[in-house]
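Source file: query29.txt (compact mmCIF, C-alpha atoms and all ligand atoms)
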# COMPACT_ATOMS: atom_id res chain seq x y z
CA MET A 1 17.06 -8.71 5.08
CA LEU A 2 14.08 -8.98 2.77
CA LEU A 3 10.96 -7.40 4.31
CA ILE A 4 8.04 -9.24 2.77
CA GLY A 5 4.39 -9.55 3.71
CA SER A 6 0.88 -9.01 2.44
CA HIS A 7 -2.25 -7.17 3.35
CA VAL A 8 -4.06 -8.99 6.15
CA GLY A 9 -7.41 -8.59 7.91
CA PHE A 10 -8.14 -6.57 11.03
CA LYS A 11 -11.12 -7.96 12.89
CA LYS A 12 -13.15 -6.47 15.70
CA ASP A 13 -12.34 -9.21 18.23
CA THR A 14 -8.67 -9.89 17.46
CA GLN A 15 -7.45 -6.59 15.96
CA LEU A 16 -3.66 -6.15 15.68
CA LEU A 17 -2.98 -9.54 17.27
CA GLY A 18 -5.18 -11.23 14.66
CA SER A 19 -3.50 -9.30 11.84
CA LEU A 20 -0.07 -10.32 13.14
CA ASN A 21 -1.06 -13.98 13.48
CA GLU A 22 -2.40 -14.00 9.95
CA ALA A 23 0.90 -12.50 8.70
CA LEU A 24 2.90 -15.08 10.67
CA SER A 25 0.82 -17.88 9.14
CA TYR A 26 2.12 -16.71 5.73
CA ASN A 27 5.74 -16.68 7.01
CA ALA A 28 5.76 -12.92 6.48
CA ASN A 29 8.02 -10.60 8.47
CA THR A 30 5.97 -7.49 7.83
CA PHE A 31 2.35 -6.70 6.90
CA MET A 32 -0.25 -4.11 5.98
CA PHE A 33 -3.83 -3.84 7.17
CA TYR A 34 -6.93 -1.69 6.88
CA THR A 35 -8.31 -0.69 10.30
CA GLY A 36 -11.70 -1.99 9.07
CA ALA A 37 -13.27 -2.89 5.73
CA PRO A 38 -11.33 -1.15 2.93
CA GLN A 39 -14.52 -0.10 1.16
CA ASN A 40 -16.32 1.53 4.10
CA THR A 41 -15.63 3.87 6.98
CA MET A 42 -17.11 1.80 9.81
CA ARG A 43 -14.38 1.44 12.43
CA TYR A 44 -14.05 -0.19 15.88
CA LYS A 45 -12.51 1.17 19.05
CA ILE A 46 -8.90 0.06 19.41
CA ASN A 47 -8.36 -2.49 22.19
CA SER A 48 -5.02 -1.68 23.84
CA ASP A 49 -4.70 -5.15 25.43
CA LEU A 50 -4.72 -6.72 21.98
CA THR A 51 -2.24 -4.10 20.73
CA ASN A 52 0.12 -4.79 23.63
CA SER A 53 -0.05 -8.58 23.19
CA ALA A 54 0.75 -8.14 19.50
CA LEU A 55 3.70 -5.84 20.29
CA LYS A 56 5.12 -8.47 22.63
CA VAL A 57 4.90 -11.22 20.03
CA MET A 58 6.51 -8.95 17.42
CA GLU A 59 9.42 -8.30 19.74
CA GLU A 60 9.91 -12.04 20.24
CA LYS A 61 9.70 -12.67 16.51
CA ASN A 62 11.97 -9.75 15.60
CA ILE A 63 9.34 -8.01 13.54
CA ASP A 64 10.09 -4.33 13.04
CA TYR A 65 6.76 -2.72 13.90
CA SER A 66 7.91 0.67 12.62
CA LYS A 67 7.71 -0.81 9.10
CA VAL A 68 4.15 -2.16 9.46
CA ILE A 69 1.70 -0.25 7.26
CA VAL A 70 -1.93 0.84 7.53
CA HIS A 71 -3.89 1.50 4.32
CA ALA A 72 -6.65 4.14 4.43
CA PRO A 73 -10.01 3.01 2.98
CA TYR A 74 -10.16 3.75 -0.73
CA ILE A 75 -13.49 5.53 -0.63
CA ILE A 76 -11.82 8.58 0.96
CA ASN A 77 -11.45 11.13 -1.81
CA LEU A 78 -9.53 14.34 -1.21
CA GLY A 79 -9.37 15.06 -4.95
CA ASN A 80 -12.70 16.79 -5.39
CA ALA A 81 -14.10 19.59 -3.23
CA ASP A 82 -17.20 20.50 -5.29
CA ASN A 83 -19.37 19.03 -2.55
CA ILE A 84 -17.85 20.66 0.51
CA GLU A 85 -19.58 18.30 2.94
CA LYS A 86 -18.18 15.23 1.20
CA TYR A 87 -14.73 16.82 1.09
CA GLN A 88 -14.90 17.71 4.77
CA PHE A 89 -16.05 14.15 5.57
CA ALA A 90 -12.97 12.77 3.78
CA ILE A 91 -10.69 15.09 5.75
CA ASN A 92 -12.37 14.22 9.05
CA PHE A 93 -12.23 10.52 8.36
CA LEU A 94 -8.57 10.70 7.45
CA LYS A 95 -7.94 12.58 10.70
CA SER A 96 -9.65 9.81 12.65
CA GLU A 97 -7.60 7.24 10.73
CA ILE A 98 -4.42 9.09 11.79
CA ASP A 99 -5.69 9.00 15.39
CA ARG A 100 -6.17 5.22 15.12
CA CYS A 101 -2.65 4.87 13.71
CA GLU A 102 -1.28 6.86 16.64
CA GLU A 103 -3.21 4.73 19.10
CA LEU A 104 -1.80 1.62 17.45
CA GLY A 105 1.72 3.09 17.23
CA ILE A 106 1.72 2.83 13.43
CA LYS A 107 4.12 5.17 11.60
CA ASN A 108 3.03 4.95 7.95
CA LEU A 109 -0.43 5.32 6.41
CA VAL A 110 -0.92 4.59 2.70
CA LEU A 111 -3.41 6.82 0.91
CA HIS A 112 -4.74 6.87 -2.65
CA PRO A 113 -4.28 10.56 -3.52
CA GLY A 114 -7.82 10.80 -4.89
CA SER A 115 -9.84 11.40 -8.05
CA HIS A 116 -10.61 14.84 -9.42
CA VAL A 117 -14.02 13.68 -10.76
CA GLY A 118 -14.20 16.35 -13.44
CA CYS A 119 -12.73 19.40 -11.74
CA GLY A 120 -9.42 18.84 -13.54
CA ILE A 121 -6.00 17.59 -12.55
CA GLU A 122 -4.60 20.90 -11.27
CA GLU A 123 -7.66 21.53 -9.12
CA GLY A 124 -7.51 17.92 -7.92
CA ILE A 125 -3.89 18.31 -6.86
CA LYS A 126 -4.76 21.50 -5.00
CA ASN A 127 -7.69 19.83 -3.22
CA ILE A 128 -5.48 16.94 -2.16
CA SER A 129 -2.64 19.07 -0.83
CA ASN A 130 -5.04 21.47 0.92
CA GLY A 131 -6.69 18.47 2.58
CA LEU A 132 -3.34 17.01 3.61
CA ASN A 133 -2.30 20.37 5.06
CA LYS A 134 -5.36 20.23 7.33
CA ILE A 135 -4.27 16.82 8.61
CA LEU A 136 -0.48 16.93 8.77
CA GLY A 137 1.53 19.22 11.01
CA HIS A 138 0.60 17.76 14.38
CA THR A 139 1.11 14.05 13.96
CA ASN A 140 4.00 11.61 13.89
CA VAL A 141 2.25 9.51 11.27
CA THR A 142 3.58 9.81 7.71
CA ILE A 143 1.08 9.69 4.84
CA LEU A 144 2.34 7.69 1.87
CA LEU A 145 0.81 8.72 -1.45
CA GLU A 146 0.30 5.63 -3.58
CA THR A 147 1.19 5.75 -7.26
CA MET A 148 -2.03 5.03 -9.18
CA ALA A 149 -2.96 3.21 -12.40
CA GLY A 150 -4.81 6.20 -13.87
CA LYS A 151 -8.25 4.64 -13.84
CA GLY A 152 -11.06 7.20 -14.36
CA SER A 153 -9.94 10.58 -13.05
CA GLU A 154 -7.38 9.29 -10.57
CA VAL A 155 -4.66 11.72 -9.56
CA GLY A 156 -1.19 10.28 -9.01
CA SER A 157 -0.63 8.02 -12.02
CA LYS A 158 2.22 10.32 -13.03
CA LEU A 159 5.18 10.92 -10.74
CA GLU A 160 4.96 14.61 -11.62
CA GLU A 161 1.51 14.73 -10.02
CA ILE A 162 2.79 13.06 -6.85
CA LYS A 163 5.66 15.56 -6.83
CA GLN A 164 3.28 18.51 -7.19
CA ILE A 165 1.24 17.30 -4.22
CA ILE A 166 4.38 16.89 -2.10
CA ASP A 167 5.58 20.35 -3.18
CA GLN A 168 2.35 21.88 -1.89
CA VAL A 169 2.37 19.98 1.42
CA GLU A 170 3.83 22.04 4.26
CA ASP A 171 4.92 19.24 6.60
CA LYS A 172 7.41 17.61 4.23
CA GLU A 173 8.72 15.32 6.95
CA HIS A 174 5.44 13.44 7.11
CA ILE A 175 4.72 12.89 3.45
CA GLY A 176 6.10 9.92 1.52
CA VAL A 177 5.35 7.60 -1.38
CA CYS A 178 4.15 4.01 -1.81
CA LEU A 179 5.02 2.44 -5.17
CA ASP A 180 2.56 -0.13 -6.54
CA THR A 181 4.05 -2.27 -9.32
CA CYS A 182 0.68 -3.08 -10.94
CA HIS A 183 -0.28 0.58 -10.92
CA LEU A 184 3.10 1.72 -12.29
CA SER A 185 2.88 -0.71 -15.19
CA ASP A 186 -0.78 0.11 -15.87
CA ALA A 187 0.14 3.81 -15.77
CA GLY A 188 2.70 3.21 -18.52
CA TYR A 189 6.00 3.18 -16.60
CA ASP A 190 8.77 0.91 -17.78
CA ILE A 191 9.59 -1.08 -14.66
CA VAL A 192 11.53 -3.76 -16.56
CA ASN A 193 14.32 -1.20 -16.42
CA PHE A 194 13.78 -0.62 -12.71
CA ASP A 195 17.15 0.97 -11.94
CA LYS A 196 16.42 3.60 -14.56
CA PHE A 197 12.96 4.12 -13.07
CA LEU A 198 14.51 4.63 -9.62
CA GLU A 199 17.04 7.08 -11.05
CA ASP A 200 14.22 9.13 -12.54
CA PHE A 201 12.25 8.88 -9.31
CA ASP A 202 15.29 10.00 -7.34
CA SER A 203 15.93 13.10 -9.41
CA LEU A 204 12.24 14.07 -9.38
CA ILE A 205 11.11 13.22 -5.83
CA GLY A 206 13.97 11.58 -3.93
CA LEU A 207 14.38 7.86 -3.20
CA GLU A 208 14.19 8.44 0.57
CA LYS A 209 10.48 9.22 0.13
CA ILE A 210 9.69 5.60 -0.82
CA LYS A 211 8.50 3.91 2.39
CA CYS A 212 6.48 1.03 0.98
CA VAL A 213 6.22 -1.04 -2.21
CA HIS A 214 3.04 -2.87 -3.18
CA VAL A 215 4.14 -5.88 -5.19
CA ASN A 216 1.45 -7.06 -7.58
CA ASP A 217 1.41 -8.51 -11.05
CA SER A 218 -1.10 -7.01 -13.49
CA LYS A 219 -3.93 -8.66 -15.43
CA ASN A 220 -3.40 -6.07 -18.15
CA GLU A 221 -0.70 -4.79 -20.44
CA LYS A 222 1.47 -1.77 -19.74
CA SER A 223 -0.42 1.55 -20.10
CA SER A 224 -3.84 -0.13 -19.78
CA HIS A 225 -4.95 2.14 -16.87
CA LYS A 226 -7.12 -0.72 -15.58
CA ASP A 227 -5.79 -1.51 -12.07
CA ARG A 228 -6.52 -5.22 -11.86
CA HIS A 229 -3.98 -7.08 -9.75
CA GLU A 230 -2.74 -10.55 -10.66
CA ASN A 231 -0.83 -13.21 -8.72
CA ILE A 232 2.95 -12.92 -8.77
CA GLY A 233 4.34 -14.20 -12.07
CA PHE A 234 0.93 -14.87 -13.63
CA GLY A 235 0.37 -11.47 -15.22
CA HIS A 236 1.83 -9.08 -17.76
CA ILE A 237 4.68 -7.87 -15.53
CA GLY A 238 6.04 -11.34 -14.90
CA PHE A 239 8.23 -12.99 -12.29
CA PRO A 240 11.74 -11.83 -13.29
CA THR A 241 10.75 -8.16 -13.30
CA LEU A 242 8.98 -8.43 -9.94
CA ILE A 243 11.91 -10.30 -8.36
CA ASN A 244 14.27 -7.67 -9.69
CA ILE A 245 12.17 -4.98 -7.97
CA ILE A 246 11.73 -6.91 -4.71
CA TYR A 247 15.48 -7.52 -4.35
CA ASN A 248 16.65 -4.10 -5.55
CA LYS A 249 19.43 -3.00 -3.19
CA LYS A 250 18.24 0.61 -3.10
CA LEU A 251 14.90 -0.46 -1.62
CA GLU A 252 16.31 -3.11 0.69
CA ASN A 253 14.85 -1.63 3.89
CA VAL A 254 11.48 -0.83 2.37
CA PRO A 255 8.64 -3.26 3.18
CA LYS A 256 7.23 -5.18 0.17
CA ILE A 257 3.51 -5.87 0.45
CA LEU A 258 1.52 -8.29 -1.72
CA GLU A 259 -2.03 -7.30 -2.64
CA THR A 260 -2.58 -10.11 -5.09
CA PRO A 261 -6.03 -11.69 -5.50
CA TYR A 262 -7.31 -14.71 -3.63
CA VAL A 263 -7.31 -17.77 -5.88
CA ASP A 264 -10.90 -18.61 -6.93
CA LYS A 265 -11.88 -15.75 -4.58
CA GLN A 266 -11.38 -18.04 -1.56
CA PHE A 267 -7.77 -19.19 -1.10
CA ALA A 268 -5.20 -16.74 0.26
CA PRO A 269 -2.11 -17.00 -1.98
CA TYR A 270 0.34 -15.17 0.27
CA LYS A 271 2.09 -18.04 2.03
CA TYR A 272 2.82 -19.61 -1.36
CA GLU A 273 3.78 -16.42 -3.12
CA ILE A 274 6.10 -15.42 -0.27
CA ALA A 275 7.80 -18.83 -0.40
CA MET A 276 8.19 -18.54 -4.17
CA ILE A 277 9.67 -15.04 -3.81
CA ARG A 278 12.14 -16.27 -1.19
CA ASN A 279 13.11 -19.13 -3.55
CA LYS A 280 13.46 -16.70 -6.45
CA ALA A 281 12.13 -19.42 -8.75
CA PHE A 282 8.80 -19.19 -10.56
CA ASP A 283 6.41 -22.09 -10.00
CA ASP A 284 3.86 -22.26 -12.82
CA LYS A 285 1.85 -24.82 -10.80
CA LEU A 286 1.48 -22.45 -7.84
CA LEU A 287 -2.21 -21.67 -8.33
CA GLU A 288 -3.11 -25.37 -8.43
CA LYS A 289 -1.15 -25.91 -5.21
CA ILE A 290 -3.01 -23.06 -3.56
CA ARG A 291 -6.34 -24.58 -4.57
CA LEU A 292 -5.35 -27.86 -2.90
CA GLN A 293 -4.15 -26.24 0.35
FE FE B 1 -3.82 0.96 -2.52
FE FE B 2 -1.62 -0.93 -3.94
ZN ZN B 3 -4.60 -1.45 -7.22
Let me see whether you can do it: turn the structure in this file into structure tokens.
Ligand code: FE
Ligand code: FE
Ligand code: ZN
Amino acid sequence: MLLIGSHVGFKKDTQLLGSLNEALSYNANTFMFYTGAPQNTMRYKINSDLTNSALKVMEEKNIDYSKVIVHAPYIINLGNADNIEKYQFAINFLKSEIDRCEELGIKNLVLHPGSHVGCGIEEGIKNISNGLNKILGHTNVTILLETMAGKGSEVGSKLEEIKQIIDQVEDKEHIGVCLDTCHLSDAGYDIVNFDKFLEDFDSLIGLEKIKCVHVNDSKNEKSSHKDRHENIGFGHIGFPTLINIIYNKKLENVPKILETPYVDKQFAPYKYEIAMIRNKAFDDKLLEKIRLQ
């Protein structure tokens, strides 16, 4: 069965139950959320009543909670340790994020590996794996390293870099990968030939490490290193390639998460994009329909 959803909000007063209800309103059967605003580290105390109510609804609706994803805020940077206080803050915050995941019963946490900010790629990789080694080892949560577009000094736009991080992580059982289609294309990977990409991924890292796929079109051409997401079918990757990835048999049990932009910055596209993906037919009038919702 296709596991499809989007990123959804997580609000102080409704928490997991609110996130779930938002996902259900899009006819999604999985979802991803940030435990607070993605761009800051302000976080609320988890309300277990709300968690338990959400778990009950998920059971009724047959939603596999073990596939639901949390995304760490993107300001956490493990890639540079020149400022030891900043580096330590990133490690501590990630630890607290793991604690929140455990409290919520979440199994998989997506993390942008980080940016080396001038210290060089090798040093960056070392900083990231050292940081991860301080966090993993005593948790059931798996950290999923997201493949990046290669903007600025981002680490992880090459699969070899992801592999090097994994190689240096001690607790191999709790490290995985999240593919992002926009990032892969922006990084220069040929995802038109997705079976070939998966073959290469399998021989380098191992397919079983892929626990999440972010499905996004891209505003820019292959190898642009820009990281600007576009609505499904309206960018340079295009609908047939994205459908081919979404329905790939080898990733059948992996949740597919949309992180496409709101239309006119105000209308959530997910209900419409999910319907279009289920129909497997591109609707070039989709954005107009979303504006009229
Ligand atoms: Fe991300
Ligand atoms: Fe992503
Ligand atoms: Zn992105």
### ligand FE 1 (chain B) neighbours within 9 Å using all atoms listed in the file, as a ChimeraX atom specification
/A:71-74,110-112,146-148,178,180,214,259
### Message
Quick check, in Å to one decimal: how far apart do CA of Leu20 (chain A) and CA of Gln39 (chain A) lie?
### Response
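So the answer is 21.4 Å.
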### Task
Collect all residues with atoms no farther than 7 Å from ligand ZN 3 (chain B), counting all atoms listed in the file, and output them as a PyMOL selection string.
chain A and resi 182-183+227-229
Same residues, C-alpha atoms, saved as a PDB file, keeping the file's coordinate frame:
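Once written, again-v7.pdb looks like this:
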ATOM      1  CA  CYS A 182       0.680  -3.080 -10.940  1.00  0.00           C
ATOM      2  CA  HIS A 183      -0.280   0.580 -10.920  1.00  0.00           C
ATOM      3  CA  ASP A 227      -5.790  -1.510 -12.070  1.00  0.00           C
ATOM      4  CA  ARG A 228      -6.520  -5.220 -11.860  1.00  0.00           C
ATOM      5  CA  HIS A 229      -3.980  -7.080  -9.750  1.00  0.00           C
TER       6      HIS A 229
END
### Query
Leu184 (chain A): which residues within 9 Å, counting only C-alpha atoms, same-chain residues fewer than 2 positions away excluded, as a list of chain:residue names?
A:Thr147, A:Met148, A:Ala149, A:Ser157, A:Lys158, A:Leu179, A:Asp180, A:Thr181, A:Cys182, A:Asp186, A:Ala187, A:Gly188, A:Tyr189, A:Asp190, A:Ile191, A:Lys222, A:Ser223
### Message
Would you compute the distance between CA of Ile125 (chain A) and CA of Lys151 (chain A)? Give it in Å to one decimal.
### Response
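Going from CA of Ile125 (chain A) over to CA of Lys151 (chain A), I get 16.0 Å.
Among the candidates A:Gly137, A:Leu16, A:His225, A:Ser25, the residue lying nearest to Leu104 (chain A) is A:Leu16 (atoms considered: only C-alpha atoms).
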### Query
Hey, what's within 12 Å of Lys265 (chain A) if we count all atoms listed in the file and toss same-chain stuff fewer than 6 positions away? As a PyMOL selection string, please?
chain A and resi 287+290-291
Go ahead and save the picked residues with C-alpha atoms, as a PDB file, keeping the file's coordinate frame.
ATOM      1  CA  LEU A 287      -2.210 -21.670  -8.330  1.00  0.00           C
ATOM      2  CA  ILE A 290      -3.010 -23.060  -3.560  1.00  0.00           C
ATOM      3  CA  ARG A 291      -6.340 -24.580  -4.570  1.00  0.00           C
TER       4      ARG A 291
END
### Message
So the first atom is CA of Tyr247 (chain A) and the second is CA of Val213 (chain A); what is the distance between them in Å, to one decimal place?
### Response
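So the two atoms, CA of Tyr247 (chain A) and CA of Val213 (chain A), lie 11.5 Å apart.
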### Surrounding residues of Tyr26 (chain A) excluding itself and chain neighbours under 5 positions, 8 Å, all atoms listed in the file, as a VMD selection string
chain A and resid 5 270 to 272 274
Suppose we keep C-alpha atoms; can you now write the selection as an mmCIF file, keeping the file's coordinate frame?
data_model
loop_
_atom_site.group_PDB
_atom_site.id
_atom_site.type_symbol
_atom_site.label_atom_id
_atom_site.label_comp_id
_atom_site.auth_asym_id
_atom_site.auth_seq_id
_atom_site.Cartn_x
_atom_site.Cartn_y
_atom_site.Cartn_z
ATOM 1 C CA GLY A 5 4.390 -9.550 3.710
ATOM 2 C CA TYR A 270 0.340 -15.170 0.270
ATOM 3 C CA LYS A 271 2.090 -18.040 2.030
ATOM 4 C CA TYR A 272 2.820 -19.610 -1.360
ATOM 5 C CA ILE A 274 6.100 -15.420 -0.270
#
Find the residues near His236 (chain A): any atom within 8 Å, counting all atoms listed in the file, skip ones fewer than 5 places away on the same chain, and give them as a PDB file with C-alpha atoms, in the coordinates of the input.
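Result went into result-v8.pdb, see below:
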ATOM      1  CA  ASP A 217       1.410  -8.510 -11.050  1.00  0.00           C
ATOM      2  CA  SER A 218      -1.100  -7.010 -13.490  1.00  0.00           C
ATOM      3  CA  LYS A 219      -3.930  -8.660 -15.430  1.00  0.00           C
ATOM      4  CA  ASN A 220      -3.400  -6.070 -18.150  1.00  0.00           C
ATOM      5  CA  GLU A 221      -0.700  -4.790 -20.440  1.00  0.00           C
ATOM      6  CA  LYS A 222       1.470  -1.770 -19.740  1.00  0.00           C
TER       7      LYS A 222
END
### Query
Hey, which of A:Ile246, A:Ile175, A:Leu3, A:Val215 ends up closest to Leu258 (chain A)? Count all atoms listed in the file.
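Selected residue with least distance to Leu258 (chain A): A:Val215.
Among the candidates A:Arg43, A:Lys95, A:Lys256, A:His116, the one nearest to ligand FE 2 (chain B) when counting all atoms listed in the file is A:Lys256.
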### Task
Between A:Ser96, A:Thr139, A:Asn27, A:Ser19, single out the one closest to Lys61 (chain A), counting all atoms listed in the file.
A:Asn27
